[in-house]
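Content type mmCIF, C-alpha atoms, from the file upload02.cif:
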data_work
loop_
_atom_site.label_atom_id
_atom_site.label_comp_id
_atom_site.auth_asym_id
_atom_site.auth_seq_id
_atom_site.Cartn_x
_atom_site.Cartn_y
_atom_site.Cartn_z
CA MET X 1 147.47 86.27 53.88
CA LYS X 2 147.67 87.78 50.40
CA LYS X 3 149.56 85.87 47.72
CA PHE X 4 151.75 87.56 45.10
CA ALA X 5 152.75 85.77 41.91
CA ILE X 6 156.24 86.73 40.76
CA ILE X 7 157.22 86.20 37.11
CA LEU X 8 160.97 85.78 36.50
CA SER X 9 162.71 85.91 33.12
CA GLY X 10 165.87 83.91 33.89
CA CYS X 11 168.76 84.61 36.27
CA GLY X 12 171.12 87.52 35.64
CA VAL X 13 170.67 91.13 34.58
CA PHE X 14 172.03 90.87 31.01
CA ASP X 15 170.06 87.86 29.76
CA GLY X 16 167.53 87.11 32.51
CA ALA X 17 165.88 88.47 35.65
CA GLU X 18 167.80 91.11 37.62
CA ILE X 19 168.84 89.18 40.71
CA HIS X 20 168.72 92.02 43.25
CA GLU X 21 165.30 93.19 42.09
CA ALA X 22 163.96 89.63 42.20
CA THR X 23 165.40 88.89 45.66
CA LEU X 24 164.34 92.22 47.13
CA THR X 25 160.83 91.85 45.71
CA MET X 26 160.55 88.52 47.54
CA LEU X 27 161.83 90.15 50.74
CA ALA X 28 159.44 93.10 50.37
CA ILE X 29 156.47 90.75 50.01
CA LYS X 30 157.40 88.83 53.17
CA LYS X 31 157.94 92.12 55.03
CA GLN X 32 154.31 93.02 54.26
CA GLY X 33 153.17 89.73 55.82
CA ALA X 34 152.20 88.36 52.43
CA GLU X 35 153.44 85.25 50.60
CA TYR X 36 154.62 84.59 47.05
CA GLU X 37 154.69 81.94 44.37
CA ILE X 38 157.28 82.17 41.59
CA PHE X 39 156.67 81.46 37.89
CA ALA X 40 158.71 81.53 34.71
CA PRO X 41 158.03 80.43 31.13
CA ASP X 42 159.48 77.03 30.19
CA LYS X 43 161.31 78.06 27.01
CA PRO X 44 164.84 78.70 25.75
CA GLN X 45 166.49 81.99 26.67
CA HIS X 46 166.99 84.32 23.70
CA HIS X 47 170.74 83.96 24.36
CA VAL X 48 173.31 83.63 27.14
CA ILE X 49 175.53 86.57 28.09
CA ASN X 50 178.84 86.08 29.91
CA HIS X 51 178.26 88.56 32.74
CA LEU X 52 182.00 89.10 33.23
CA THR X 53 182.74 90.18 29.64
CA GLY X 54 179.27 91.28 28.52
CA GLN X 55 179.64 89.11 25.41
CA PRO X 56 177.20 86.45 24.15
CA THR X 57 178.31 82.82 24.44
CA ASP X 58 177.26 79.77 22.42
CA GLU X 59 175.51 78.17 25.40
CA GLN X 60 171.81 77.41 25.50
CA ARG X 61 169.84 77.83 28.70
CA ASN X 62 166.17 77.61 29.67
CA VAL X 63 164.32 80.53 31.29
CA LEU X 64 162.47 78.39 33.86
CA VAL X 65 165.54 76.31 34.77
CA GLU X 66 167.72 79.39 35.30
CA ALA X 67 165.01 81.32 37.17
CA ALA X 68 164.86 78.29 39.51
CA ARG X 69 168.27 79.43 40.82
CA ILE X 70 166.74 82.59 42.28
CA ALA X 71 163.73 80.60 43.52
CA ARG X 72 165.87 77.88 45.18
CA GLY X 73 163.98 75.33 43.06
CA ASN X 74 160.58 76.49 44.33
CA ILE X 75 159.12 77.67 41.03
CA LYS X 76 156.35 76.74 38.61
CA ASP X 77 155.96 76.71 34.86
CA LEU X 78 154.06 79.89 33.90
CA LYS X 79 151.57 77.60 32.09
CA GLN X 80 150.26 76.73 35.56
CA PHE X 81 149.54 80.37 36.47
CA ASN X 82 145.90 80.98 37.36
CA ALA X 83 144.87 84.56 38.10
CA ARG X 84 142.05 83.30 40.32
CA GLU X 85 144.54 81.66 42.69
CA VAL X 86 146.66 84.75 43.47
CA ASP X 87 145.94 88.26 44.73
CA ALA X 88 148.60 90.20 42.85
CA LEU X 89 151.19 89.81 40.08
CA ILE X 90 154.63 91.42 40.13
CA MET X 91 157.48 91.38 37.62
CA PRO X 92 161.07 92.32 38.51
CA GLY X 93 163.28 93.67 35.73
CA GLY X 94 166.46 92.60 33.97
CA PHE X 95 167.11 92.32 30.21
CA GLY X 96 165.37 88.94 30.31
CA VAL X 97 162.09 90.86 30.36
CA ALA X 98 162.98 92.48 27.02
CA LYS X 99 164.64 89.36 25.56
CA ASN X 100 162.73 86.35 26.92
CA LEU X 101 159.32 87.68 28.03
CA SER X 102 159.03 89.94 24.99
CA THR X 103 161.03 90.98 21.94
CA TRP X 104 161.30 94.60 23.13
CA ALA X 105 165.14 94.57 23.17
CA PHE X 106 165.20 93.82 19.44
CA ASP X 107 161.92 95.14 18.03
CA GLY X 108 160.96 97.97 20.43
CA PRO X 109 157.30 98.99 20.23
CA GLU X 110 156.83 96.76 17.15
CA GLY X 111 157.76 93.71 19.23
CA THR X 112 155.59 91.00 20.75
CA VAL X 113 155.01 89.73 24.29
CA ASP X 114 155.21 86.06 25.28
CA ALA X 115 151.65 84.71 25.08
CA GLU X 116 151.66 83.30 28.64
CA VAL X 117 152.95 86.57 30.10
CA SER X 118 150.40 88.55 28.12
CA LYS X 119 147.58 86.27 29.30
CA ALA X 120 148.72 86.53 32.94
CA ILE X 121 148.63 90.34 32.78
CA ARG X 122 145.25 90.46 31.00
CA ASP X 123 143.67 87.92 33.35
CA MET X 124 144.79 89.85 36.44
CA ILE X 125 143.53 93.16 35.07
CA SER X 126 140.18 91.68 34.07
CA LEU X 127 139.79 90.52 37.71
CA ARG X 128 140.86 94.02 38.90
CA LYS X 129 143.83 92.53 40.76
CA PRO X 130 147.04 94.60 41.14
CA VAL X 131 149.86 94.16 38.64
CA GLY X 132 153.30 95.59 39.46
CA ALA X 133 156.35 96.05 37.26
CA LEU X 134 159.90 97.09 38.21
CA CYS X 135 162.68 98.51 36.06
CA ILE X 136 162.18 97.61 32.36
CA SER X 137 159.11 95.39 33.01
CA PRO X 138 156.65 98.27 32.41
CA VAL X 139 157.35 97.78 28.68
CA LEU X 140 155.26 94.61 29.01
CA LEU X 141 152.35 96.63 30.40
CA ALA X 142 152.54 99.18 27.58
CA GLN X 143 152.63 96.39 25.02
CA VAL X 144 149.74 94.43 26.53
CA LEU X 145 147.53 97.24 27.88
CA GLY X 146 148.38 100.15 25.57
CA LYS X 147 147.05 103.32 27.22
CA VAL X 148 148.31 103.00 30.78
CA GLU X 149 150.21 105.36 33.10
CA ILE X 150 153.64 103.94 33.88
CA THR X 151 157.22 104.90 34.70
CA ILE X 152 160.56 103.52 33.61
CA GLY X 153 162.46 106.41 35.22
CA ASN X 154 163.88 108.99 32.83
CA ASP X 155 165.42 107.24 29.79
CA LYS X 156 164.35 109.34 26.77
CA ASP X 157 164.50 106.65 24.08
CA THR X 158 162.54 104.13 26.12
CA ILE X 159 159.97 106.78 27.06
CA GLU X 160 159.46 107.68 23.37
CA ALA X 161 159.06 104.02 22.45
CA LEU X 162 156.54 103.51 25.29
CA GLU X 163 154.52 106.51 24.13
CA LYS X 164 154.33 104.96 20.65
CA LYS X 165 152.39 102.11 22.29
CA GLY X 166 149.96 104.64 23.73
CA ALA X 167 151.38 104.59 27.28
CA ILE X 168 151.41 107.76 29.37
CA HIS X 169 154.87 108.06 30.88
CA LYS X 170 155.57 109.74 34.24
CA GLN X 171 159.19 110.61 35.03
CA THR X 172 160.29 109.36 38.43
CA THR X 173 163.35 109.00 40.59
CA HIS X 174 164.53 106.36 43.10
CA GLY X 175 161.79 104.67 45.11
CA GLU X 176 158.86 106.44 43.48
CA VAL X 177 155.81 104.41 42.43
CA ILE X 178 153.27 105.35 39.76
CA ARG X 179 149.74 103.95 39.88
CA ASP X 180 147.53 104.24 36.83
CA SER X 181 144.50 106.47 37.44
CA HIS X 182 142.07 103.74 36.43
CA LEU X 183 143.74 100.34 36.42
CA PRO X 184 145.46 98.72 39.45
CA VAL X 185 148.82 98.93 37.64
CA PHE X 186 151.96 99.94 39.60
CA THR X 187 155.47 100.72 38.30
CA THR X 188 158.81 101.84 39.78
CA PRO X 189 162.15 102.45 38.00
CA CYS X 190 164.79 100.55 40.10
CA TYR X 191 167.88 99.78 37.96
CA MET X 192 166.47 101.74 34.96
CA LEU X 193 168.10 104.54 36.98
CA ASP X 194 171.75 104.44 38.04
CA ALA X 195 170.92 102.98 41.43
CA SER X 196 172.56 101.36 44.45
CA ILE X 197 171.16 98.18 45.95
CA LEU X 198 169.75 100.31 48.81
CA GLN X 199 167.60 102.18 46.31
CA ILE X 200 166.44 98.90 44.76
CA ALA X 201 165.33 97.73 48.20
CA GLU X 202 163.44 101.01 48.65
CA GLY X 203 161.75 100.71 45.24
CA ALA X 204 160.74 97.09 45.86
CA ASP X 205 159.42 97.93 49.33
CA ASN X 206 157.40 100.89 48.04
CA ILE X 207 155.77 99.14 45.10
CA VAL X 208 154.86 96.04 47.14
CA LYS X 209 153.50 98.24 49.94
CA ALA X 210 151.33 100.21 47.47
CA MET X 211 150.01 97.00 45.89
CA HIS X 212 149.34 95.44 49.29
CA ALA X 213 147.44 98.54 50.45
CA GLU X 214 145.31 98.38 47.29
CA MET X 215 144.32 94.78 48.06
CA LYS X 216 143.09 95.72 51.52
CA ASN X 217 140.72 98.38 50.12
CA MET J 1 183.93 104.38 54.64
CA LYS J 2 184.82 100.78 55.46
CA LYS J 3 185.20 98.31 52.59
CA PHE J 4 184.02 94.70 52.75
CA ALA J 5 185.32 92.09 50.34
CA ILE J 6 182.66 89.51 49.44
CA ILE J 7 183.74 86.11 48.09
CA LEU J 8 181.14 84.35 45.93
CA SER J 9 181.23 80.71 44.86
CA GLY J 10 179.05 80.86 41.72
CA CYS J 11 175.36 81.68 41.29
CA GLY J 12 172.68 79.39 42.69
CA VAL J 13 172.22 77.50 45.94
CA PHE J 14 172.84 73.95 44.65
CA ASP J 15 176.13 74.50 42.78
CA GLY J 16 177.20 78.05 43.61
CA ALA J 17 176.59 81.00 45.93
CA GLU J 18 173.18 81.22 47.61
CA ILE J 19 171.59 84.15 45.80
CA HIS J 20 169.49 85.56 48.65
CA GLU J 21 172.38 85.42 51.11
CA ALA J 22 174.71 87.10 48.61
CA THR J 23 172.22 89.86 47.71
CA LEU J 24 171.18 90.50 51.31
CA THR J 25 174.83 90.64 52.43
CA MET J 26 175.41 93.38 49.85
CA LEU J 27 172.31 95.21 51.06
CA ALA J 28 173.34 94.85 54.73
CA ILE J 29 176.78 96.34 53.99
CA LYS J 30 175.27 99.37 52.24
CA LYS J 31 172.78 99.81 55.11
CA GLN J 32 175.75 100.17 57.47
CA GLY J 33 177.14 102.96 55.29
CA ALA J 34 180.00 100.74 54.13
CA GLU J 35 180.96 99.66 50.61
CA TYR J 36 181.87 96.31 49.05
CA GLU J 37 183.99 94.73 46.38
CA ILE J 38 183.09 91.27 45.05
CA PHE J 39 185.55 88.47 44.27
CA ALA J 40 185.34 84.90 43.02
CA PRO J 41 187.92 82.33 41.94
CA ASP J 42 188.43 82.03 38.17
CA LYS J 43 188.02 78.26 37.85
CA PRO J 44 185.51 75.67 36.64
CA GLN J 45 182.55 74.86 38.89
CA HIS J 46 182.67 71.37 40.34
CA HIS J 47 179.46 70.70 38.41
CA VAL J 48 176.23 72.32 37.25
CA ILE J 49 172.92 71.44 38.91
CA ASN J 50 169.58 71.99 37.17
CA HIS J 51 167.84 73.94 39.96
CA LEU J 52 164.39 72.84 38.76
CA THR J 53 165.05 69.09 38.95
CA GLY J 54 167.99 69.02 41.39
CA GLN J 55 169.91 66.81 38.94
CA PRO J 56 173.43 67.42 37.58
CA THR J 57 173.70 68.38 33.91
CA ASP J 58 176.59 67.91 31.46
CA GLU J 59 177.22 71.66 31.23
CA GLN J 60 180.46 73.32 32.28
CA ARG J 61 180.42 76.72 33.95
CA ASN J 62 183.04 78.98 35.54
CA VAL J 63 182.74 80.18 39.15
CA LEU J 64 183.82 83.77 38.42
CA VAL J 65 181.67 84.10 35.29
CA GLU J 66 178.53 82.82 37.05
CA ALA J 67 179.19 84.86 40.22
CA ALA J 68 179.33 87.91 37.91
CA ARG J 69 175.55 87.48 37.49
CA ILE J 70 174.96 88.34 41.16
CA ALA J 71 177.56 91.13 40.93
CA ARG J 72 176.04 92.65 37.74
CA GLY J 73 179.48 92.26 36.12
CA ASN J 74 181.21 94.25 38.85
CA ILE J 75 183.49 91.51 40.18
CA LYS J 76 187.19 90.67 40.35
CA ASP J 77 189.24 87.52 40.07
CA LEU J 78 190.09 86.37 43.61
CA LYS J 79 193.76 86.40 42.53
CA GLN J 80 193.54 90.20 42.79
CA PHE J 81 192.39 90.11 46.42
CA ASN J 82 194.71 92.02 48.74
CA ALA J 83 193.90 91.95 52.46
CA ARG J 84 195.62 95.32 52.92
CA GLU J 85 193.09 97.01 50.61
CA VAL J 86 189.91 95.97 52.44
CA ASP J 87 188.63 96.26 56.01
CA ALA J 88 186.64 93.04 56.27
CA LEU J 89 185.95 89.80 54.40
CA ILE J 90 182.55 88.10 54.24
CA MET J 91 181.43 84.86 52.61
CA PRO J 92 177.76 84.07 51.89
CA GLY J 93 176.77 80.39 51.73
CA GLY J 94 175.39 78.02 49.11
CA PHE J 95 176.68 74.58 48.10
CA GLY J 96 179.28 76.32 45.94
CA VAL J 97 181.22 76.96 49.15
CA ALA J 98 181.44 73.22 49.77
CA LYS J 99 181.89 72.28 46.10
CA ASN J 100 183.90 75.10 44.49
CA LEU J 101 185.68 76.90 47.35
CA SER J 102 186.49 73.63 49.12
CA THR J 103 185.90 69.90 48.73
CA TRP J 104 183.82 69.74 51.94
CA ALA J 105 180.70 68.40 50.15
CA PHE J 106 182.64 65.32 49.03
CA ASP J 107 185.46 64.85 51.54
CA GLY J 108 184.10 66.45 54.73
CA PRO J 109 186.80 67.28 57.28
CA GLU J 110 189.41 65.43 55.19
CA GLY J 111 188.81 67.87 52.32
CA THR J 112 190.86 70.83 51.13
CA VAL J 113 190.16 74.53 50.71
CA ASP J 114 190.86 76.46 47.51
CA ALA J 115 194.32 77.99 47.93
CA GLU J 116 193.20 81.55 47.10
CA VAL J 117 190.30 81.36 49.55
CA SER J 118 192.55 79.94 52.24
CA LYS J 119 195.14 82.69 51.68
CA ALA J 120 192.45 85.41 51.81
CA ILE J 121 191.21 84.13 55.19
CA ARG J 122 194.72 83.74 56.63
CA ASP J 123 195.83 87.17 55.41
CA MET J 124 192.81 88.88 56.96
CA ILE J 125 193.26 87.11 60.29
CA SER J 126 196.98 87.90 60.40
CA LEU J 127 196.04 91.60 60.00
CA ARG J 128 193.35 91.19 62.74
CA LYS J 129 190.63 92.20 60.27
CA PRO J 130 187.10 90.75 60.66
CA VAL J 131 186.12 87.66 58.68
CA GLY J 132 182.44 86.71 58.45
CA ALA J 133 180.81 83.52 57.19
CA LEU J 134 177.12 82.75 56.58
CA CYS J 135 175.32 79.42 56.30
CA ILE J 136 177.76 76.63 55.29
CA SER J 137 180.76 78.98 54.85
CA PRO J 138 182.00 78.47 58.43
CA VAL J 139 183.32 75.07 57.24
CA LEU J 140 186.02 77.09 55.44
CA LEU J 141 186.99 78.75 58.72
CA ALA J 142 187.21 75.41 60.55
CA GLN J 143 189.33 73.98 57.74
CA VAL J 144 191.68 76.97 57.54
CA LEU J 145 191.83 78.08 61.17
CA GLY J 146 191.17 74.84 63.09
CA LYS J 147 190.32 75.79 66.66
CA VAL J 148 187.78 78.57 66.21
CA GLU J 149 184.32 79.20 67.70
CA ILE J 150 181.70 79.10 64.97
CA THR J 151 178.07 78.23 64.26
CA ILE J 152 176.37 76.51 61.38
CA GLY J 153 173.04 76.35 63.24
CA ASN J 154 172.03 72.93 64.56
CA ASP J 155 172.82 70.25 61.96
CA LYS J 156 174.30 67.32 63.91
CA ASP J 157 176.40 65.73 61.18
CA THR J 158 177.98 69.00 60.10
CA ILE J 159 178.68 69.92 63.74
CA GLU J 160 180.43 66.60 64.31
CA ALA J 161 182.52 67.07 61.19
CA LEU J 162 183.47 70.62 62.22
CA GLU J 163 184.52 69.40 65.65
CA LYS J 164 186.83 66.89 63.98
CA LYS J 165 188.69 69.89 62.55
CA GLY J 166 189.10 71.29 66.07
CA ALA J 167 186.34 73.90 65.79
CA ILE J 168 184.19 74.74 68.82
CA HIS J 169 180.59 74.73 67.68
CA LYS J 170 177.88 76.93 69.23
CA GLN J 171 174.26 76.05 68.42
CA THR J 172 172.25 79.03 67.23
CA THR J 173 168.90 79.92 65.75
CA HIS J 174 167.77 82.54 63.19
CA GLY J 175 169.66 85.81 63.20
CA GLU J 176 172.15 84.88 65.92
CA VAL J 177 175.83 85.69 65.40
CA ILE J 178 178.79 83.97 67.07
CA ARG J 179 182.11 85.78 67.48
CA ASP J 180 185.19 83.80 68.41
CA SER J 181 186.56 84.76 71.85
CA HIS J 182 189.99 85.59 70.43
CA LEU J 183 189.86 86.01 66.66
CA PRO J 184 187.65 88.55 64.80
CA VAL J 185 185.69 85.69 63.24
CA PHE J 186 181.89 85.97 62.89
CA THR J 187 179.35 83.32 61.83
CA THR J 188 175.55 83.07 61.46
CA PRO J 189 173.44 80.11 60.24
CA CYS J 190 171.04 81.58 57.60
CA TYR J 191 169.80 78.81 55.24
CA MET J 192 171.61 76.09 57.24
CA LEU J 193 168.35 76.41 59.20
CA ASP J 194 164.95 76.05 57.58
CA ALA J 195 164.58 79.80 57.07
CA SER J 196 162.45 82.35 55.26
CA ILE J 197 164.04 85.15 53.27
CA LEU J 198 163.08 87.52 56.14
CA GLN J 199 165.31 85.52 58.47
CA ILE J 200 168.15 85.60 55.93
CA ALA J 201 167.91 89.39 55.83
CA GLU J 202 168.03 89.45 59.63
CA GLY J 203 171.08 87.16 59.76
CA ALA J 204 172.93 89.18 57.10
CA ASP J 205 172.09 92.46 58.86
CA ASN J 206 173.24 91.13 62.22
CA ILE J 207 176.56 89.68 61.11
CA VAL J 208 177.48 92.76 59.05
CA LYS J 209 176.50 95.04 61.93
CA ALA J 210 178.68 93.05 64.36
CA MET J 211 181.65 93.12 61.96
CA HIS J 212 181.19 96.84 61.31
CA ALA J 213 181.07 97.59 65.04
CA GLU J 214 184.30 95.62 65.50
CA MET J 215 186.07 97.77 62.91
CA LYS J 216 185.13 100.97 64.70
CA ASN J 217 186.69 99.80 67.97
#

Could you take the file, read its structure, and then write that structure out as structure tokens?
Amino acid sequence: MKKFAIILSGCGVFDGAEIHEATLTMLAIKKQGAEYEIFAPDKPQHHVINHLTGQPTDEQRNVLVEAARIARGNIKDLKQFNAREVDALIMPGGFGVAKNLSTWAFDGPEGTVDAEVSKAIRDMISLRKPVGALCISPVLLAQVLGKVEITIGNDKDTIEALEKKGAIHKQTTHGEVIRDSHLPVFTTPCYMLDASILQIAEGADNIVKAMHAEMKN
Amino acid sequence: MKKFAIILSGCGVFDGAEIHEATLTMLAIKKQGAEYEIFAPDKPQHHVINHLTGQPTDEQRNVLVEAARIARGNIKDLKQFNAREVDALIMPGGFGVAKNLSTWAFDGPEGTVDAEVSKAIRDMISLRKPVGALCISPVLLAQVLGKVEITIGNDKDTIEALEKKGAIHKQTTHGEVIRDSHLPVFTTPCYMLDASILQIAEGADNIVKAMHAEMKN
């Protein structure tokens, strides 16, 4: 049974991991007959957004503690991630990716990626193990890997910013998956497009299926 | 297109709505070609549980504001619920049901149900519209409706407590749905059993399918 590592960035689309993408990634992995282990960095969230009003609050929350909500408590500190112990790595989206796992939301292509996230991606790639990214998470791949073929859907500004990092962007629509020609790197747009939860399920299924097929080769 | 109302009790299994059950209920509704509208009561959570440690914290959070995370901000105050405007009502589980929508977690069968939740259930039943409950949510039905056939799986203590309210309990396993012989009331056990996310998807699919079929009759 193949094991996927999932990295979450909190709990909630505006300041953390996108909940539907995270849940449906877990479901997609189980549907393939594989298993998963969930990780998140143990650090403060950039901020907390009231998801009813869209406004920031003065609360302080921790990425790992909030991500544990999606994981039902079954989650590990990303410090414990070891690329040798898993077969694939996948990252759902949500603004948490651009606020907690990197500074993309504020600094764009000049931003930085969390050191543990960056190491996890590099370690997987150096072992030639598949890395998948949904929604906005491909910005992490462009920042860490530079010249890599990815998709974030069709958002012009984000595409331009990704190209500044050397990434080769492929426009896609619902459920489509891009694999880099050389590296085992997979991306799909999910909620970067105006999508229904049915289309998120399709995107998660397709990317996990493509990654799982790659592992069997 | 039939419209389901979904009532959420927060965001996170230990103090709010169970995230997988909530997400997979939404997915199941869309798979049936129906639509949904999400509601939660605008009131403080009973408490906040750190989902990494399982321990209560000294934070204060609001049920509606936290449920908005699962709903991506697209949620209404339960005060605005009108049984005439929807075709069915469904309630995912999570401890929030027993802590925020009722006092079941603390008072068992002697507890009370949130007045807005109770009214929503009564109004639907008086219009003969289907009401569905996953996981621990059937305790709300026993408290509000009394003599009603329901399932919460196979947990002895909870079954005994439900029977004290006059409910008729049917033992079930993964994915099974119980419909009351008289009322359009549907229940399925989900995470009240030791379940994988695949089994939660199956339970959500089955209960929504049964409710949807009932509406077409």

As a check of understanding, name the residues that the PyMOL selection byres ((chain J) within 9 of (chain X)) selects in the supplied structure, as a PyMOL selection string. chain J and resi 11-14+18-20+23-24+26-28+30-31+50-54+59+64-76+196-198+201

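Of note, CA of Met192 in chain J and CA of Leu162 in chain J are spaced 14.0 Å apart.
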
With a distance cut-off of 10 Å and only C-alpha atoms, select the neighbouring residues of Gly33 in chain J, excluding the residue or stretch itself and same-chain residues fewer than 5 positions from it, and output the selection as a short mmCIF file (atom, residue, chain, number, x, y, z; two decimals) with C-alpha atoms, keeping the file's coordinate frame.
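Listing of part.cif after writing:
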data_model
loop_
_atom_site.label_atom_id
_atom_site.label_comp_id
_atom_site.auth_asym_id
_atom_site.auth_seq_id
_atom_site.Cartn_x
_atom_site.Cartn_y
_atom_site.Cartn_z
CA MET J 1 183.93 104.38 54.64
CA LYS J 2 184.82 100.78 55.46
CA LYS J 3 185.20 98.31 52.59
CA ALA J 28 173.34 94.85 54.73
CA HIS J 212 181.19 96.84 61.31
#

Residues within 7 Å of Ser137 in chain X, only C-alpha atoms, excluding chain neighbours under 2 positions, as a PyMOL selection string: chain X and resi 91-93+97+133-135+139-140

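Within the file as shown, the PyMOL selection byres ((chain J and resi 154) around 7) identifies Ile152, Gly153, Asp155, Lys156, Gln171 and Thr172 of chain J.
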
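Excluding Val86 in chain X and any residue on its chain fewer than 4 positions from it, the residues at most 12 Å away by only C-alpha atoms are Met1, Lys2, Lys3, Phe4, Ala5, Ile6, Ala34, Glu35, Tyr36, Glu37, Ile38, Phe39, Gln80, Phe81, Asn82, Ile90, Ala120, Asp123, Met124, Leu127, Arg128, Lys129, Pro130, Val131 and Met215 of chain X.
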
Translate the PyMOL selection byres ((chain X and resi 182) around 12) into a concrete residue list for this structure, as a ChimeraX atom specification. /X:125,128,130,147-150,178-181,183-186

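If you look at CA of Gly108 in chain J and CA of Thr158 in chain J, they are 8.5 Å away from each other.
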
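With CA of Lys209 in chain J on one side and CA of Gln32 in chain J on the other, the separation reads 6.8 Å.
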